[in-house]
Structure formats: structure tokens, C-alpha cells
Amino acid sequence: MKTVIANWKMNLGIRESVAQARGVLRGIQGKEVLPRLVVCPSFTALAEVRKVLVRTHVELGAQNVGPQRVGAFTGEVGAAQLEDVGCKYVMIGHSERRTTMHEDGAMVHEKVKIALESSLTPILCVGEDALAQIARDLKGIEVPRKGQLIVAYEPSWAIGTTNAAAPADVVEMHKALRSAVEQMTGISGDRLSVVYGGSVDAKNAYNFLREPEIDGVLVGGASLKIHEFEAIVNAAADVMIAQSV
Ligand code: PGA
């Protein structure tokens, strides 16, 4: 199974997010083979996008979560609130948060823990320092028996540029990440997905997705262009059909 995640970042209002979600659904209409599909709107749009996606193949994710489940944390959105609004996934530790918002390993670690203690699947984003980040972010983390984890390898120089990493380099990094995560948390196989992000577009998506080591893609800019995103989803489906995965 391949995974395609849309990260809309801080771009769309409620109406635009709803339109974008409808566009994603139109793009998959009638398709029998589909990757796991997750869209991550801004907090403000989650409730309305949920209404569009409910009982469809497309899952809802948030772009961030507070480091506590509930409580006196002014300005944060907690894991319980994300569950309440229908999120199944949450992005944690995106490079824009680690750099611009100064989130450190300890903070990311708390967020991964809180997501896993809730029913959310973390999409843990790591950059070119991926192995050192994983060592801090996942130290002592216990993944519940049925819990899942997605690790997104996103070198910061590849994010928001047209400068995607070379698939061969990504494959090497994913191998290293997979074994590091397995050693630290014991999770492997279907419960662990390692996806690539950073300037993925309709032209290069297939080159990443056809690699068995690359379980999927996390798409920023190109996920805002509906036909481009549809082409990426189609590339994932093509690979799944060709490789029977
Ligand atoms: P990009 O963003 O696809 O625009 O490079 C990816 C991300 O930041 O998750």
C-alpha cells in the first residue's frame, strides 16, 4: 500500500479547503485501486472538510498538535480536540515548525507520545538530520499494539523548491530510517510507513513511488493544484497495480 499525504500548510480558507477536498474526491471517483490518502487542512477548516470526507476513502489529518491532550494550554489544539473533529492523522515536527517555531526534539517527542496515546497516527517529519532527530523524537516511545507511525523524510532544502532529492538517495535514507525506527520502537511492516516529501510534483512522483523503499509521498505545493495532485494519486495507484502492493 502506498500513501499520499496533502499538506495544504497555511494557505486555504474554509471555503477553499472544502472545494479542494471535493476536488480530491472527484479525482478518485470510480477508481478501484487507491493509495491511502490523507489531507491535512488548517485547523480552521478541519470541521468543514470533515463533512466532505466523511465515509469516503480520504482521511483527515491535522498539521500540528499541542503537547498535551487537554487542559490549560491557551492557543494550543489538543489531541482530544483533533479526535473530536475527526482527525485520524497528525503531522508532527515539520521542518517549518522546527525552524520557524523553534520546536526542539523534546517538544516533538511529547507530541508523538500524546498522538500515540490518543488514537492519532503521527506523521513524524524529519529532515537532513533525520537519524539524529529520530533518536531524540522517538526515545522511549511505546507504540500501542495496533498503533501506526508514518515517518516523512523531508530534507529542508527540498521543501518548497523545485529541487527534489534524488530517488536513489531517498532510498538509502529510508533504509536507514526504517531500521532505526524498528530498533527504537519495535514497529515494522505495515505499521510503519516511510514517505518522502520535498518538491514532489506530477512529473517526479512516479520516480519516488515506484521504489519499494518509498512507501509514499508528502506533498505541499503540488497538493494545492488539483490536477497535479490527482496525477500524483494516479501515479501511486499505477505503482500499486504494477507491483500488486
Ligand atoms: P513541498 O512541501 O511539496 O511544497 O516541497 C512539502 C512539505 O513541506 O511537506
# chains A, B, ... in the order shown; residues from 1 in each chain; ligands from 1
>>> residues_near_ligand(ligand="ligand 1", cutoff="9 Å", atoms="only C-alpha atoms and all ligand atoms", output="mmCIF file with C-alpha atoms, in the first residue's frame")
data_model
loop_
_atom_site.group_PDB
_atom_site.id
_atom_site.type_symbol
_atom_site.label_atom_id
_atom_site.label_comp_id
_atom_site.auth_asym_id
_atom_site.auth_seq_id
_atom_site.Cartn_x
_atom_site.Cartn_y
_atom_site.Cartn_z
ATOM 1 C CA ILE A 5 -0.473 12.952 2.047
ATOM 2 C CA ALA A 6 -1.532 16.501 1.139
ATOM 3 C CA ASN A 7 -0.103 19.265 3.313
ATOM 4 C CA TRP A 8 -2.030 22.417 2.493
ATOM 5 C CA LYS A 9 0.007 24.422 5.035
ATOM 6 C CA HIS A 94 7.527 19.586 10.190
ATOM 7 C CA SER A 95 10.694 21.463 9.301
ATOM 8 C CA GLU A 96 8.779 24.752 9.211
ATOM 9 C CA CYS A 125 8.604 14.736 9.775
ATOM 10 C CA ALA A 152 8.258 11.584 6.470
ATOM 11 C CA GLU A 154 11.846 15.826 4.049
ATOM 12 C CA SER A 156 14.669 21.169 4.229
ATOM 13 C CA TRP A 157 16.496 22.251 1.057
ATOM 14 C CA ALA A 158 13.978 20.266 -0.979
ATOM 15 C CA ILE A 159 10.872 21.794 0.615
ATOM 16 C CA GLY A 160 9.057 24.427 -1.407
ATOM 17 C CA THR A 161 11.685 24.495 -4.146
ATOM 18 C CA THR A 162 11.807 22.665 -7.450
ATOM 19 C CA ASN A 163 14.800 20.829 -6.126
ATOM 20 C CA ALA A 164 13.533 17.380 -5.105
ATOM 21 C CA TYR A 196 9.306 11.215 1.116
ATOM 22 C CA GLY A 197 8.470 14.928 0.941
ATOM 23 C CA GLY A 198 10.091 17.905 -0.743
ATOM 24 C CA SER A 199 9.058 19.296 -4.135
ATOM 25 C CA VAL A 200 7.118 16.212 -5.134
ATOM 26 C CA ASP A 201 5.068 17.003 -8.232
ATOM 27 C CA VAL A 217 4.853 10.950 -0.641
ATOM 28 C CA LEU A 218 4.026 14.034 1.410
ATOM 29 C CA VAL A 219 3.018 16.782 -0.964
ATOM 30 C CA GLY A 220 2.953 20.501 -0.178
ATOM 31 C CA GLY A 221 2.773 22.983 -3.067
ATOM 32 C CA ALA A 222 1.570 20.488 -5.674
ATOM 33 C CA SER A 223 -1.317 19.393 -3.426
#
>>> residues_around(residues="segment 130-138 of chain A", least_positions_apart="3", cutoff="9 Å", atoms="only C-alpha atoms", output="PyMOL selection string")
chain A and resi 93+104-110+112-113+124-127+141-142+153-155+173+176-177+180-181+184-185
>>> write_last_selection(atoms="C-alpha atoms", output="mmCIF file, in the first residue's frame")
data_model
loop_
_atom_site.group_PDB
_atom_site.id
_atom_site.type_symbol
_atom_site.label_atom_id
_atom_site.label_comp_id
_atom_site.auth_asym_id
_atom_site.auth_seq_id
_atom_site.Cartn_x
_atom_site.Cartn_y
_atom_site.Cartn_z
ATOM 1 C CA GLY A 93 7.796 18.174 13.694
ATOM 2 C CA ASP A 104 13.009 21.049 19.605
ATOM 3 C CA GLY A 105 13.371 17.286 19.964
ATOM 4 C CA ALA A 106 11.824 17.298 23.465
ATOM 5 C CA MET A 107 8.709 19.064 22.182
ATOM 6 C CA VAL A 108 8.388 16.790 19.165
ATOM 7 C CA HIS A 109 8.814 13.777 21.445
ATOM 8 C CA GLU A 110 5.917 14.915 23.680
ATOM 9 C CA VAL A 112 4.440 11.975 19.217
ATOM 10 C CA LYS A 113 3.712 10.459 22.621
ATOM 11 C CA LEU A 124 6.643 12.434 12.077
ATOM 12 C CA CYS A 125 8.604 14.736 9.775
ATOM 13 C CA VAL A 126 12.382 14.683 9.840
ATOM 14 C CA GLY A 127 14.938 16.494 7.713
ATOM 15 C CA ILE A 141 8.289 5.939 22.759
ATOM 16 C CA GLU A 142 5.980 2.979 23.047
ATOM 17 C CA TYR A 153 11.784 12.228 5.281
ATOM 18 C CA GLU A 154 11.846 15.826 4.049
ATOM 19 C CA PRO A 155 15.248 17.457 3.577
ATOM 20 C CA MET A 173 17.938 7.276 3.811
ATOM 21 C CA ALA A 176 18.489 3.681 7.481
ATOM 22 C CA LEU A 177 15.378 5.305 8.944
ATOM 23 C CA ALA A 180 16.483 2.988 13.245
ATOM 24 C CA VAL A 181 12.745 3.221 13.929
ATOM 25 C CA MET A 184 13.858 2.120 18.800
ATOM 26 C CA THR A 185 10.172 1.293 18.838
#
>>> closest_residue(among="A:Ala165, A:Val239, A:Ala202, A:Val143", to="Gly186 of chain A", atoms="only C-alpha atoms")
A:Val143
>>> atom_distance(atom1="atom CA of Glu103 of chain A", atom2="atom CA of Gly86 of chain A")
25.2 Å
>>> residues_around(residues="segment 77-81 of chain A", least_positions_apart="4", cutoff="9 Å", atoms="only C-alpha atoms", output="mmCIF file with N, CA, C and O atoms, in the first residue's frame")
data_model
loop_
_atom_site.group_PDB
_atom_site.id
_atom_site.type_symbol
_atom_site.label_atom_id
_atom_site.label_comp_id
_atom_site.auth_asym_id
_atom_site.auth_seq_id
_atom_site.Cartn_x
_atom_site.Cartn_y
_atom_site.Cartn_z
ATOM 1 N N PHE A 43 -6.298 24.081 10.913
ATOM 2 C CA PHE A 43 -7.260 23.798 11.998
ATOM 3 C C PHE A 43 -8.632 24.393 11.701
ATOM 4 O O PHE A 43 -9.657 23.777 11.957
ATOM 5 N N ASN A 64 -0.560 19.878 13.015
ATOM 6 C CA ASN A 64 0.157 20.072 14.268
ATOM 7 C C ASN A 64 -0.760 19.641 15.403
ATOM 8 O O ASN A 64 -1.973 19.499 15.207
ATOM 9 N N VAL A 65 -0.178 19.426 16.582
ATOM 10 C CA VAL A 65 -0.982 19.127 17.776
ATOM 11 C C VAL A 65 -0.248 19.703 18.983
ATOM 12 O O VAL A 65 0.985 19.780 18.984
ATOM 13 N N GLY A 66 -1.005 20.099 19.996
ATOM 14 C CA GLY A 66 -0.374 20.577 21.228
ATOM 15 C C GLY A 66 0.303 19.425 21.953
ATOM 16 O O GLY A 66 -0.031 18.262 21.735
ATOM 17 N N PRO A 67 1.241 19.737 22.846
ATOM 18 C CA PRO A 67 1.985 18.671 23.525
ATOM 19 C C PRO A 67 1.228 18.023 24.688
ATOM 20 O O PRO A 67 1.764 17.147 25.355
ATOM 21 N N GLN A 68 -0.007 18.437 24.954
ATOM 22 C CA GLN A 68 -0.828 17.815 25.995
ATOM 23 C C GLN A 68 -2.170 17.453 25.375
ATOM 24 O O GLN A 68 -2.576 18.038 24.394
ATOM 25 N N ARG A 69 -2.845 16.481 26.012
ATOM 26 C CA ARG A 69 -4.117 16.023 25.428
ATOM 27 C C ARG A 69 -5.226 17.063 25.601
ATOM 28 O O ARG A 69 -5.895 17.421 24.641
ATOM 29 N N VAL A 70 -5.424 17.516 26.836
ATOM 30 C CA VAL A 70 -6.402 18.582 27.122
ATOM 31 C C VAL A 70 -5.839 19.461 28.228
ATOM 32 O O VAL A 70 -4.860 19.095 28.867
ATOM 33 N N GLY A 71 -6.457 20.599 28.481
ATOM 34 C CA GLY A 71 -6.059 21.365 29.660
ATOM 35 C C GLY A 71 -5.786 22.820 29.390
ATOM 36 O O GLY A 71 -6.163 23.366 28.345
ATOM 37 N N PHE A 73 -3.877 25.212 28.172
ATOM 38 C CA PHE A 73 -2.781 25.498 27.245
ATOM 39 C C PHE A 73 -3.305 26.458 26.178
ATOM 40 O O PHE A 73 -3.622 26.066 25.048
ATOM 41 N N VAL A 85 -12.795 16.299 16.078
ATOM 42 C CA VAL A 85 -13.118 16.882 14.761
ATOM 43 C C VAL A 85 -12.900 15.859 13.629
ATOM 44 O O VAL A 85 -13.100 16.172 12.461
ATOM 45 N N GLY A 86 -12.534 14.647 14.005
ATOM 46 C CA GLY A 86 -12.467 13.578 13.003
ATOM 47 C C GLY A 86 -11.097 13.288 12.428
ATOM 48 O O GLY A 86 -10.977 12.557 11.435
ATOM 49 N N CYS A 87 -10.052 13.831 13.030
ATOM 50 C CA CYS A 87 -8.706 13.538 12.517
ATOM 51 C C CYS A 87 -8.284 12.128 12.898
ATOM 52 O O CYS A 87 -8.518 11.670 14.010
ATOM 53 N N VAL A 90 -1.914 13.086 12.343
ATOM 54 C CA VAL A 90 -1.423 14.422 12.677
ATOM 55 C C VAL A 90 0.057 14.545 12.291
ATOM 56 O O VAL A 90 0.853 13.657 12.579
ATOM 57 N N LYS A 111 4.844 15.432 21.597
ATOM 58 C CA LYS A 111 3.716 15.425 20.655
ATOM 59 C C LYS A 111 3.482 14.029 20.060
ATOM 60 O O LYS A 111 2.342 13.602 19.891
ATOM 61 N N ILE A 114 1.822 11.961 22.783
ATOM 62 C CA ILE A 114 0.419 12.297 23.015
ATOM 63 C C ILE A 114 -0.455 11.790 21.854
ATOM 64 O O ILE A 114 -1.567 11.313 22.058
ATOM 65 N N ALA A 115 0.073 11.857 20.650
ATOM 66 C CA ALA A 115 -0.693 11.355 19.492
ATOM 67 C C ALA A 115 -0.907 9.849 19.618
ATOM 68 O O ALA A 115 -2.017 9.348 19.403
ATOM 69 N N SER A 118 -3.339 8.849 22.153
ATOM 70 C CA SER A 118 -4.690 9.082 21.628
ATOM 71 C C SER A 118 -4.855 8.092 20.479
ATOM 72 O O SER A 118 -4.101 7.140 20.376
ATOM 73 N N SER A 119 -5.809 8.343 19.613
ATOM 74 C CA SER A 119 -5.960 7.361 18.530
ATOM 75 C C SER A 119 -5.392 7.906 17.229
ATOM 76 O O SER A 119 -5.744 7.456 16.156
ATOM 77 N N LEU A 120 -4.499 8.898 17.330
ATOM 78 C CA LEU A 120 -3.986 9.551 16.124
ATOM 79 C C LEU A 120 -2.717 8.857 15.633
ATOM 80 O O LEU A 120 -1.884 8.448 16.438
#
>>> closest_residue(among="A:Val4, A:Val194, A:Val151, A:Val24", to="Ile92 of chain A", atoms="only C-alpha atoms")
A:Val151
>>> select_by_dssp(residues="segment 153-196 of chain A", states="alpha helix (DSSP H)", output="NGL selection string")
:A and (167-185)
>>> select_by_dssp(residues="segment 50-221 of chain A", states="strand (DSSP E)", output="ChimeraX atom specification")
/A:58-62,89-92,121-126,149-153,192-197,216-219
>>> residues_around(residues="Thr44 of chain A", least_positions_apart="6", cutoff="12 Å", atoms="only C-alpha atoms", output="MDAnalysis selection string")
chainID A and resid 9:18 50 62:63 77 82 85
>>> atom_distance(atom1="atom CA of Glu228 of chain A", atom2="atom CA of Lys2 of chain A")
17.4 Å
